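For reference, query_9.csv is printed below; it contains CSV, C-alpha atoms and all ligand atoms.
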chain,number,residue,atom,x,y,z
A,74,MET,CA,20.6,5.8,-14.8
A,75,ILE,CA,19.0,4.1,-11.8
A,76,HIS,CA,15.7,2.1,-12.1
A,77,ASN,CA,14.2,1.7,-8.6
A,78,PHE,CA,12.0,-1.4,-8.2
A,79,ASN,CA,12.2,-1.3,-4.4
A,80,GLY,CA,9.3,-2.9,-2.5
A,81,GLY,CA,9.0,0.0,0.0
A,82,PRO,CA,10.1,2.6,0.9
A,83,SER,CA,10.1,3.0,-2.9
A,84,ILE,CA,10.4,5.3,-5.8
A,85,LEU,CA,8.5,8.6,-5.6
A,86,PRO,CA,8.0,11.1,-8.5
A,87,LYS,CA,11.1,13.1,-9.3
A,88,GLU,CA,9.1,16.3,-9.0
A,89,VAL,CA,8.3,15.3,-5.4
A,90,PHE,CA,12.0,14.9,-4.6
A,91,GLU,CA,12.8,18.2,-6.1
A,92,GLU,CA,10.0,20.1,-4.3
A,93,ALA,CA,10.7,18.4,-1.0
A,94,SER,CA,14.4,19.2,-1.2
A,95,LYS,CA,13.7,22.8,-1.8
A,96,ALA,CA,11.3,22.8,1.2
A,97,ILE,CA,14.0,21.5,3.4
A,98,LEU,CA,16.1,24.5,2.7
A,99,ASN,CA,13.4,27.2,2.3
A,100,PHE,CA,9.8,26.2,2.7
A,101,ASN,CA,7.4,28.4,0.5
A,102,ASN,CA,10.0,31.3,0.6
A,103,THR,CA,9.6,31.6,4.4
A,104,GLY,CA,13.3,31.4,5.0
A,105,LEU,CA,12.4,28.4,7.2
A,106,SER,CA,12.9,24.7,6.6
A,107,ILE,CA,9.8,22.5,6.6
A,108,LEU,CA,11.7,20.6,9.3
A,109,GLU,CA,11.6,23.5,11.7
A,110,ILE,CA,8.1,24.8,11.5
A,111,GLY,CA,5.5,24.2,14.2
A,112,HIS,CA,2.7,21.9,13.3
A,113,ARG,CA,0.1,24.2,14.8
A,114,THR,CA,1.0,27.1,12.5
A,115,SER,CA,-0.5,28.8,9.6
A,116,LEU,CA,2.4,27.4,7.6
A,117,PHE,CA,1.7,23.7,8.2
A,118,GLN,CA,-2.1,23.6,8.6
A,119,PRO,CA,-2.6,24.3,4.8
A,120,VAL,CA,-0.3,21.4,4.0
A,121,LEU,CA,-2.3,19.0,6.1
A,122,ASP,CA,-5.6,20.4,4.8
A,123,GLU,CA,-4.5,20.0,1.2
A,124,ALA,CA,-3.3,16.4,1.7
A,125,VAL,CA,-6.7,15.5,3.2
A,126,ALA,CA,-8.6,17.3,0.4
A,127,LEU,CA,-6.5,15.7,-2.3
A,128,ALA,CA,-6.9,12.2,-0.9
A,129,LYS,CA,-10.7,12.8,-0.6
A,130,GLU,CA,-10.9,14.0,-4.1
A,131,LEU,CA,-8.7,11.3,-5.6
A,132,MET,CA,-10.6,8.6,-3.8
A,133,GLN,CA,-14.0,10.3,-4.5
A,134,LEU,CA,-14.9,9.9,-0.8
A,135,ASP,CA,-18.3,10.9,0.5
A,136,ASP,CA,-18.7,13.0,3.7
A,137,GLU,CA,-19.2,10.0,5.9
A,138,HIS,CA,-15.5,9.2,5.6
A,139,GLU,CA,-12.7,10.9,7.5
A,140,ILE,CA,-9.1,11.0,6.5
A,141,LEU,CA,-6.4,10.7,9.1
A,142,PHE,CA,-2.6,10.8,8.9
A,143,LEU,CA,-1.3,8.8,11.8
A,144,HIS,CA,2.0,7.5,13.1
A,145,GLY,CA,3.1,3.9,13.6
A,146,GLY,CA,3.2,2.3,10.2
A,147,ALA,CA,0.6,-0.1,8.8
A,148,SER,CA,1.6,-2.5,11.5
A,149,THR,CA,0.1,-0.3,14.2
A,150,GLN,CA,-3.2,-0.5,12.3
A,151,PHE,CA,-3.1,-4.3,12.8
A,152,MET,CA,-3.9,-3.7,16.4
A,153,GLN,CA,-5.6,-0.3,16.3
A,154,VAL,CA,-8.4,-1.6,14.0
A,155,PRO,CA,-9.5,-4.4,16.4
A,156,MET,CA,-8.9,-2.3,19.5
A,157,ASN,CA,-11.4,0.2,18.1
A,158,LEU,CA,-13.9,-2.1,16.3
A,159,LEU,CA,-13.9,-5.5,18.0
A,160,GLY,CA,-15.4,-6.3,21.4
A,161,ASP,CA,-13.9,-9.1,23.5
A,162,LYS,CA,-16.8,-11.5,22.8
A,163,GLU,CA,-17.4,-10.4,19.2
A,164,THR,CA,-16.0,-12.1,16.1
A,165,ALA,CA,-14.3,-10.5,13.1
A,166,ALA,CA,-13.8,-12.3,9.8
A,167,TYR,CA,-10.3,-12.2,8.3
A,168,LEU,CA,-8.9,-13.4,5.0
A,169,ASP,CA,-5.5,-15.1,5.4
A,170,CYS,CA,-3.9,-14.4,2.0
A,171,GLY,CA,-0.4,-13.3,2.8
A,172,THR,CA,2.3,-12.5,5.3
A,173,TRP,CA,0.9,-9.1,6.3
A,174,GLY,CA,-2.7,-10.4,6.6
A,175,LEU,CA,-1.4,-13.1,8.9
A,176,LYS,CA,0.2,-10.5,11.1
A,177,ALA,CA,-3.1,-8.6,11.2
A,178,ILE,CA,-4.9,-11.8,12.3
A,179,LYS,CA,-2.4,-12.4,15.1
A,180,GLU,CA,-3.0,-8.9,16.5
A,181,ALA,CA,-6.8,-9.1,16.2
A,182,LYS,CA,-6.7,-12.2,18.4
A,183,LEU,CA,-5.5,-10.0,21.3
A,184,PHE,CA,-8.8,-8.1,21.3
A,185,GLY,CA,-11.6,-10.5,20.3
A,186,GLN,CA,-12.5,-13.6,18.3
A,187,VAL,CA,-11.1,-14.1,14.8
A,188,ASN,CA,-12.8,-16.3,12.2
A,189,VAL,CA,-10.3,-17.0,9.4
A,190,VAL,CA,-12.8,-17.5,6.5
A,191,GLY,CA,-10.3,-18.4,3.8
A,192,SER,CA,-6.6,-19.1,3.5
A,193,SER,CA,-4.1,-19.6,0.8
A,194,GLY,CA,-1.4,-20.6,3.3
A,195,ASP,CA,-1.5,-24.2,2.0
A,196,LYS,CA,0.3,-23.1,-1.2
A,197,GLY,CA,2.6,-20.4,0.2
A,198,TYR,CA,0.0,-17.6,-0.5
A,199,THR,CA,0.4,-17.9,-4.3
A,200,TYR,CA,-3.3,-17.4,-4.9
A,201,ILE,CA,-6.3,-15.6,-3.5
A,202,PRO,CA,-8.8,-17.8,-1.7
A,203,LYS,CA,-12.2,-18.0,-3.5
A,204,GLY,CA,-15.7,-19.1,-2.5
A,205,TYR,CA,-15.4,-18.4,1.2
A,206,GLU,CA,-18.4,-17.3,3.2
A,207,ILE,CA,-18.4,-14.2,5.4
A,208,PRO,CA,-20.9,-14.9,8.3
A,209,SER,CA,-23.4,-12.0,8.3
A,210,ASP,CA,-22.9,-11.5,12.1
A,211,SER,CA,-19.2,-10.8,11.8
A,212,LYS,CA,-18.2,-7.4,13.3
A,213,TYR,CA,-16.2,-6.6,10.2
A,214,PHE,CA,-14.3,-8.4,7.3
A,215,HIS,CA,-10.6,-7.6,7.0
A,216,TYR,CA,-8.4,-8.4,4.0
A,217,THR,CA,-5.2,-7.2,2.3
A,218,THR,CA,-5.9,-5.8,-1.2
A,219,ASN,CA,-2.4,-6.4,-2.4
A,220,ASN,CA,0.1,-8.9,-1.0
A,221,THR,CA,3.3,-7.1,-1.3
A,222,ILE,CA,5.6,-10.0,-0.5
A,223,GLU,CA,3.9,-12.8,-2.4
A,224,GLY,CA,2.6,-10.8,-5.4
A,225,THR,CA,-1.1,-11.4,-5.4
A,226,GLU,CA,-3.8,-8.8,-5.6
A,227,LEU,CA,-7.6,-8.7,-5.1
A,228,PHE,CA,-9.2,-6.3,-7.5
A,229,ASP,CA,-12.9,-7.0,-6.9
A,230,ILE,CA,-14.4,-5.8,-3.6
A,231,PRO,CA,-15.9,-8.9,-1.8
A,232,GLU,CA,-19.7,-9.0,-1.9
A,233,THR,CA,-20.9,-8.8,1.7
A,234,ASN,CA,-23.1,-6.7,4.0
A,235,VAL,CA,-20.5,-6.9,6.7
A,236,PRO,CA,-18.4,-3.7,7.2
A,237,LEU,CA,-15.3,-3.9,5.1
A,238,VAL,CA,-11.8,-3.1,6.4
A,239,ALA,CA,-8.8,-3.3,4.1
A,240,ASP,CA,-5.0,-3.0,4.3
A,241,MET,CA,-4.3,-1.1,1.1
A,242,SER,CA,-0.6,-0.3,1.9
A,243,SER,CA,0.8,-1.5,-1.4
A,244,ASP,CA,-1.9,-0.7,-4.0
A,245,ILE,CA,-3.8,2.3,-2.7
A,246,LEU,CA,-4.6,4.8,-5.5
A,247,SER,CA,-3.2,2.5,-8.2
A,248,HIS,CA,-6.5,1.6,-9.8
A,249,VAL,CA,-10.1,2.9,-9.7
A,250,MET,CA,-12.3,1.4,-7.1
A,251,ASP,CA,-15.3,2.4,-5.0
A,252,PHE,CA,-13.5,3.4,-1.8
A,253,ASN,CA,-16.8,4.4,-0.3
A,254,ARG,CA,-17.7,0.7,0.1
A,255,PHE,CA,-15.1,0.5,2.9
A,256,ASP,CA,-15.7,1.3,6.5
A,257,LEU,CA,-12.0,1.5,7.2
A,258,ILE,CA,-9.0,1.6,4.9
A,259,TYR,CA,-5.4,1.9,6.0
A,260,ALA,CA,-2.1,2.3,4.2
A,261,GLY,CA,1.5,2.9,5.1
A,262,ALA,CA,2.5,5.8,3.0
A,263,GLN,CA,5.9,4.5,1.8
A,264,LYS,CA,4.8,3.0,-1.5
A,265,ASN,CA,2.1,4.9,-3.4
A,266,ILE,CA,1.4,7.9,-1.1
A,267,GLY,CA,4.7,9.3,0.1
A,268,ALA,CA,7.5,8.9,2.6
A,269,ALA,CA,7.8,6.4,5.4
A,270,GLY,CA,6.7,7.6,8.8
A,271,VAL,CA,3.0,8.1,8.3
A,272,ASN,CA,-0.2,6.0,7.6
A,273,MET,CA,-3.2,7.2,5.8
A,274,VAL,CA,-6.4,6.0,7.5
A,275,VAL,CA,-9.9,6.4,5.9
A,276,VAL,CA,-12.6,5.7,8.4
A,277,LYS,CA,-16.4,5.9,8.4
A,278,LYS,CA,-17.4,7.8,11.5
A,279,ASP,CA,-20.4,5.7,12.4
A,280,ILE,CA,-18.5,2.4,13.0
A,281,LEU,CA,-16.6,4.0,15.9
A,282,GLY,CA,-17.5,4.1,19.6
A,283,LYS,CA,-19.2,0.7,19.7
A,284,VAL,CA,-16.8,-1.2,21.8
A,285,ASP,CA,-16.8,-1.2,25.6
A,286,ARG,CA,-13.0,-1.2,26.3
A,287,LYS,CA,-11.0,1.8,27.3
A,288,ILE,CA,-8.9,3.0,24.4
A,289,PRO,CA,-5.6,4.9,25.0
A,290,SER,CA,-6.0,8.4,23.4
A,291,MET,CA,-3.2,7.9,20.8
A,292,LEU,CA,-4.9,4.7,19.6
A,293,ASP,CA,-8.5,6.1,19.6
A,294,TYR,CA,-9.6,7.1,16.0
A,295,ARG,CA,-12.3,9.4,17.5
A,296,GLN,CA,-9.8,11.5,19.3
A,297,HIS,CA,-7.7,11.8,16.1
A,298,ILE,CA,-10.8,12.8,14.2
A,299,ALA,CA,-11.7,15.4,16.8
A,300,ASN,CA,-8.2,16.8,16.7
A,301,GLY,CA,-7.7,16.8,12.9
A,302,SER,CA,-4.8,14.3,13.0
A,303,MET,CA,-3.0,16.7,15.5
A,304,LEU,CA,-3.6,15.0,18.8
A,305,ASN,CA,0.1,15.2,19.2
A,306,THR,CA,2.9,16.4,16.9
A,307,PRO,CA,2.2,14.7,13.5
A,308,PRO,CA,5.0,13.5,11.2
A,309,VAL,CA,5.2,16.9,9.5
A,310,PHE,CA,7.7,16.2,6.8
A,311,ALA,CA,6.2,12.8,5.9
A,312,ILE,CA,2.8,14.4,5.5
A,313,TYR,CA,4.3,17.2,3.4
A,314,VAL,CA,5.7,14.5,1.0
A,315,CYS,CA,2.3,12.8,0.9
A,316,MET,CA,0.7,16.1,-0.1
A,317,LEU,CA,3.2,16.6,-2.9
A,318,THR,CA,2.7,13.0,-4.1
A,319,LEU,CA,-1.1,13.4,-4.1
A,320,ARG,CA,-0.7,16.7,-6.0
A,321,TRP,CA,1.4,14.9,-8.6
A,322,LEU,CA,-1.2,12.2,-9.0
A,323,LYS,CA,-3.9,14.8,-9.4
A,324,ASN,CA,-1.9,16.7,-12.0
A,325,LEU,CA,-1.3,13.5,-13.9
A,326,GLY,CA,-5.0,12.9,-14.3
A,327,GLY,CA,-5.9,11.1,-11.1
A,328,VAL,CA,-6.4,7.4,-10.3
A,329,ALA,CA,-7.9,6.5,-13.7
A,330,ALA,CA,-4.8,7.9,-15.5
A,331,ILE,CA,-2.3,6.1,-13.3
A,332,GLU,CA,-4.3,2.9,-13.6
A,333,SER,CA,-3.8,3.0,-17.4
A,334,ILE,CA,0.0,3.4,-17.0
A,335,ASN,CA,0.1,0.7,-14.3
A,336,ASN,CA,-1.8,-1.7,-16.6
A,337,GLN,CA,0.8,-1.1,-19.4
A,338,LYS,CA,3.7,-1.7,-17.0
A,339,ALA,CA,2.2,-4.9,-15.6
A,340,SER,CA,1.2,-6.3,-19.0
A,341,LEU,CA,4.7,-5.7,-20.4
A,342,LEU,CA,6.4,-7.5,-17.6
A,343,TYR,CA,3.9,-10.4,-17.3
A,344,ASN,CA,4.0,-10.9,-21.0
A,345,ALA,CA,7.8,-11.3,-20.9
A,346,LEU,CA,7.4,-13.8,-18.0
A,347,ASP,CA,4.8,-15.8,-20.0
A,348,THR,CA,6.9,-15.9,-23.2
A,349,LEU,CA,10.4,-16.4,-21.8
A,350,PRO,CA,10.7,-19.9,-20.3
A,351,ILE,CA,13.8,-19.0,-18.3
A,352,PHE,CA,11.6,-16.9,-16.0
A,353,THR,CA,8.7,-18.4,-14.0
A,354,PRO,CA,6.0,-16.3,-12.3
A,355,THR,CA,5.1,-17.8,-9.0
A,356,VAL,CA,1.5,-16.9,-8.5
A,357,ALA,CA,-1.8,-18.0,-10.1
A,358,LYS,CA,-2.5,-16.1,-13.3
A,359,ALA,CA,-5.9,-14.8,-12.2
A,360,ASP,CA,-4.5,-13.3,-9.0
A,361,ARG,CA,-1.4,-11.6,-10.3
A,362,SER,CA,-0.5,-8.3,-8.6
A,363,LYS,CA,0.0,-5.2,-10.8
A,364,MET,CA,2.2,-3.7,-8.1
A,365,ASN,CA,4.5,-6.5,-7.1
A,366,VAL,CA,5.6,-9.0,-9.7
A,367,VAL,CA,7.2,-12.1,-8.2
A,368,PHE,CA,9.1,-14.7,-10.3
A,369,VAL,CA,11.9,-17.3,-10.0
A,370,MET,CA,14.5,-18.8,-12.4
A,371,PRO,CA,15.5,-22.5,-12.8
A,372,ASN,CA,18.4,-22.3,-10.4
A,373,LYS,CA,20.3,-20.0,-8.0
A,374,THR,CA,23.3,-19.7,-10.3
A,375,LEU,CA,21.2,-18.2,-13.1
A,376,GLU,CA,19.4,-16.0,-10.7
A,377,GLU,CA,22.6,-14.6,-9.3
A,378,GLU,CA,24.0,-14.1,-12.9
A,379,PHE,CA,20.8,-12.2,-13.9
A,380,LYS,CA,20.8,-10.1,-10.7
A,381,THR,CA,24.5,-9.1,-11.3
A,382,LEU,CA,23.7,-8.1,-14.8
A,383,ALA,CA,20.6,-6.1,-13.7
A,384,LYS,CA,22.7,-4.4,-11.0
A,385,GLN,CA,25.3,-3.4,-13.6
A,386,GLU,CA,22.5,-1.8,-15.7
A,387,GLY,CA,21.3,0.3,-12.7
A,388,MET,CA,18.4,-1.9,-11.6
A,389,VAL,CA,17.8,-1.5,-7.8
A,390,GLY,CA,15.6,-3.6,-5.5
A,391,ILE,CA,14.8,-6.5,-7.7
A,392,GLY,CA,15.5,-9.3,-5.2
A,393,GLY,CA,12.5,-11.2,-3.8
A,394,HIS,CA,11.5,-10.7,-0.1
A,395,ARG,CA,13.8,-12.7,2.2
A,396,SER,CA,11.0,-15.1,2.9
A,397,VAL,CA,10.3,-15.9,-0.8
A,398,GLY,CA,13.6,-15.6,-2.7
A,399,GLY,CA,13.7,-15.1,-6.5
A,400,PHE,CA,12.7,-11.7,-7.7
A,401,ARG,CA,10.1,-9.1,-6.8
A,402,ILE,CA,9.7,-6.2,-9.2
A,403,SER,CA,7.6,-3.4,-7.7
A,404,LEU,CA,5.7,-1.3,-10.2
A,405,TYR,CA,4.3,1.4,-7.9
A,406,ASN,CA,2.6,4.5,-9.3
A,407,ALA,CA,5.8,6.6,-9.5
A,408,LEU,CA,7.8,4.0,-11.4
A,409,PRO,CA,8.1,5.2,-15.1
A,410,LEU,CA,7.0,2.8,-17.9
A,411,ASN,CA,10.5,3.3,-19.3
A,412,SER,CA,12.1,1.5,-16.4
A,413,VAL,CA,9.9,-1.5,-17.1
A,414,GLU,CA,10.8,-1.4,-20.8
A,415,ILE,CA,14.5,-1.4,-20.0
A,416,PHE,CA,14.1,-4.2,-17.5
A,417,VAL,CA,12.1,-6.3,-20.0
A,418,GLY,CA,14.8,-5.6,-22.7
A,419,LEU,CA,17.4,-7.0,-20.3
A,420,MET,CA,15.2,-10.1,-19.6
A,421,ASN,CA,14.9,-10.7,-23.4
A,422,ALA,CA,18.7,-10.3,-24.0
A,423,PHE,CA,19.5,-12.6,-21.1
A,424,ALA,CA,17.0,-15.3,-22.2
A,425,ARG,CA,18.4,-15.1,-25.8
A,426,ARG,CA,22.0,-15.5,-24.5
A,427,LYS,CA,21.0,-18.5,-22.4
A,428,GLY,CA,18.6,-20.1,-24.8
A,501,LIG,C1,0.4,-4.8,2.7
A,501,LIG,C2,1.3,-4.3,3.8
A,501,LIG,N1,0.8,-4.2,5.0
A,501,LIG,C3,1.5,-3.8,6.1
A,501,LIG,C4,2.9,-3.5,5.9
A,501,LIG,C5,3.6,-3.0,7.1
A,501,LIG,O1,3.9,-1.7,7.0
A,501,LIG,P1,4.8,-0.9,8.1
A,501,LIG,O2,6.2,-1.4,7.9
A,501,LIG,O3,4.5,0.5,7.7
A,501,LIG,O4,4.2,-1.2,9.4
A,501,LIG,C6,3.4,-3.6,4.7
A,501,LIG,C7,4.9,-3.3,4.5
A,501,LIG,O5,5.5,-3.5,3.5
A,501,LIG,C8,2.6,-4.0,3.6
A,501,LIG,O6,3.2,-4.2,2.4
Using structure tokens, write down the structure from this file.
Ligand SMILES: Cc1ncc(COP(=O)(O)O)c(C=O)c1O
Amino acid sequence: MIHNFNGGPSILPKEVFEEASKAILNFNNTGLSILEIGHRTSLFQPVLDEAVALAKELMQLDDEHEILFLHGGASTQFMQVPMNLLGDKETAAYLDCGTWGLKAIKEAKLFGQVNVVGSSGDKGYTYIPKGYEIPSDSKYFHYTTNNTIEGTELFDIPETNVPLVADMSSDILSHVMDFNRFDLIYAGAQKNIGAAGVNMVVVKKDILGKVDRKIPSMLDYRQHIANGSMLNTPPVFAIYVCMLTLRWLKNLGGVAAIESINNQKASLLYNALDTLPIFTPTVAKADRSKMNVVFVMPNKTLEEEFKTLAKQEGMVGIGGHRSVGGFRISLYNALPLNSVEIFVGLMNAFARRKG
């Protein structure tokens, strides 16, 4: 039995894999593979429409917000956001709370002025900055809701009147929140939404069209909205997998239902980390991520020993990001509670043996 704790691309529901495999051979009994159907056909359009409708329903979005499925990974959004929203002479506020946010800051500087209003870079991004001010004349405020690499998460939406932009790549749809508070949300699909190769972007229409620069068609949100995410050939299969994953989430009871399971998984693991001295969580308690749990052990030898044992027991993807080391256990929506129970059982057994 494999327990997949990969940071992304990561585990998806078994039902999704089964359905997607069937569709590769024979999509909806058409005798055609999902991989060979035209995107502008009566076969694919319902897939895209259902994905959009499910995302809207699960996020309880109002009619001001559009949903797009775009190419390019979340990294493309690092530049697409400022290209569409930030004029050369205007300033956007950014929170520097992890590796990905820092990359977003670097790209934004290509298009306008960036005011880094808070940073946790002084302590290796092991906490979420607090008490920062967002100047009211900022064009927008950008932050990363979950720091996939460092293992911190921001659950409360910052109080501000400035338009909010968030990178939710690694915690979207994992807990209930008021998604309507955001003017723009983006997320690479490969963690909680579906397969790699597509981004979901939620954008409030009235923030667009306010910068002077010329925007290439493929990077212009307005053109994507006008063309229903079909300005060019969309990533058909990746969108299909998103649709199946969103369907799975709805059938499970939606975001509130998955939040309750996610809470159980995170408490189980953090509780073990807090009670077994051989394992040390690396981030501030108040800012712990429920999606990516990061910890270290007293030395490399013990870490290697535990990793080898975990591998023998079928645990996959538990090593920390190459920039952090130690361990990172990703608890995305599709990861069953049972995998966490088995992993925690292994931690307990290892700690007993070493203690
Ligand atoms: C929070 C966050 N933002 C952005 C990215 C970059 O995503 P992509 O590789 O799809 O460009 C990742 C990837 O893991 C991420 O976790």
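With only C-alpha atoms as the atoms that count, the minimum distance from A:Thr355 to the choices A:Lys196, A:Arg295, A:Lys162, A:Arg113 is reached by A:Lys196.
The interatomic distance for the pair atom CA of A:Leu346 and atom CA of A:Lys384 works out to 19.3 Å.
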Using only C-alpha atoms and all ligand atoms, find each residue of chain A with at least one atom at most 6 Å away from an atom of ligand LIG 501 (chain A); report its shortest atom-to-atom pair and that distance in Å (one decimal), sort the rows by chain and rising residue number, and return the result as CSV.
residue,atom,partner,partner_atom,distance
A:Gly146,CA,A:LIG501,O3,3.3
A:Ala147,CA,A:LIG501,O4,3.8
A:Ser148,CA,A:LIG501,O4,3.6
A:Trp173,CA,A:LIG501,N1,5.1
A:Asn220,CA,A:LIG501,C1,5.5
A:Thr221,CA,A:LIG501,O6,4.7
A:Asp240,CA,A:LIG501,C1,5.9
A:Ser242,CA,A:LIG501,C1,4.7
A:Ser243,CA,A:LIG501,O6,5.2
A:Gly261,CA,A:LIG501,O3,4.6
Using C-alpha atoms, can you write the selected residues to a file as an mmCIF file, in the coordinates of the input?
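Result written to part_4.cif:
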data_model
loop_
_atom_site.group_PDB
_atom_site.id
_atom_site.type_symbol
_atom_site.label_atom_id
_atom_site.label_comp_id
_atom_site.auth_asym_id
_atom_site.auth_seq_id
_atom_site.Cartn_x
_atom_site.Cartn_y
_atom_site.Cartn_z
ATOM 1 C CA GLY A 146 3.200 2.300 10.200
ATOM 2 C CA ALA A 147 0.600 -0.100 8.800
ATOM 3 C CA SER A 148 1.600 -2.500 11.500
ATOM 4 C CA TRP A 173 0.900 -9.100 6.300
ATOM 5 C CA ASN A 220 0.100 -8.900 -1.000
ATOM 6 C CA THR A 221 3.300 -7.100 -1.300
ATOM 7 C CA ASP A 240 -5.000 -3.000 4.300
ATOM 8 C CA SER A 242 -0.600 -0.300 1.900
ATOM 9 C CA SER A 243 0.800 -1.500 -1.400
ATOM 10 C CA GLY A 261 1.500 2.900 5.100
#
- Pick from A:Met291, A:Ile222, A:Ala239, A:Ile75, whichever lies nearest to A:Gly392 using only C-alpha atoms: A:Ile222
- Item | A:Ser193 environment, 9 Å, all atoms listed in the file, sequence neighbours closer than 6 positions dropped, as a PyMOL selection string | chain A and resi 168-171+199-202
- Query: Which distance in Å separates atom CA of A:Val271 and atom CA of A:His144, to one decimal?
  - Reply: 4.9 Å
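For stretch 319-334 of chain A, the residues within 6 Å (counting only C-alpha atoms, excluding itself and residues fewer than 2 positions away along the chain) are Leu246, Ser247, His248, Val249, Met316, Leu317, Asn336 and Gln337 of chain A.
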Create the file for the chosen residues now, containing C-alpha atoms and written as a PDB file, keeping the file's coordinate frame.
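Dumped everything to result.pdb:
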ATOM      1  CA  LEU A 246      -4.600   4.800  -5.500  1.00  0.00           C
ATOM      2  CA  SER A 247      -3.200   2.500  -8.200  1.00  0.00           C
ATOM      3  CA  HIS A 248      -6.500   1.600  -9.800  1.00  0.00           C
ATOM      4  CA  VAL A 249     -10.100   2.900  -9.700  1.00  0.00           C
ATOM      5  CA  MET A 316       0.700  16.100  -0.100  1.00  0.00           C
ATOM      6  CA  LEU A 317       3.200  16.600  -2.900  1.00  0.00           C
ATOM      7  CA  ASN A 336      -1.800  -1.700 -16.600  1.00  0.00           C
ATOM      8  CA  GLN A 337       0.800  -1.100 -19.400  1.00  0.00           C
TER       9      GLN A 337
END
- Query: Leaving out A:Ser94 and any residue of its chain fewer than 3 positions from it, which residues lie within 12 Å of it when counting all atoms listed in the file, given as a list in words?
  - Reply: Lys87, Glu88, Val89, Phe90, Glu91, Ile97, Leu98, Asn99, Phe100, Asn101, Ser106, Ile107, Leu108, Phe310, Tyr313, Val314 and Leu317 of chain A
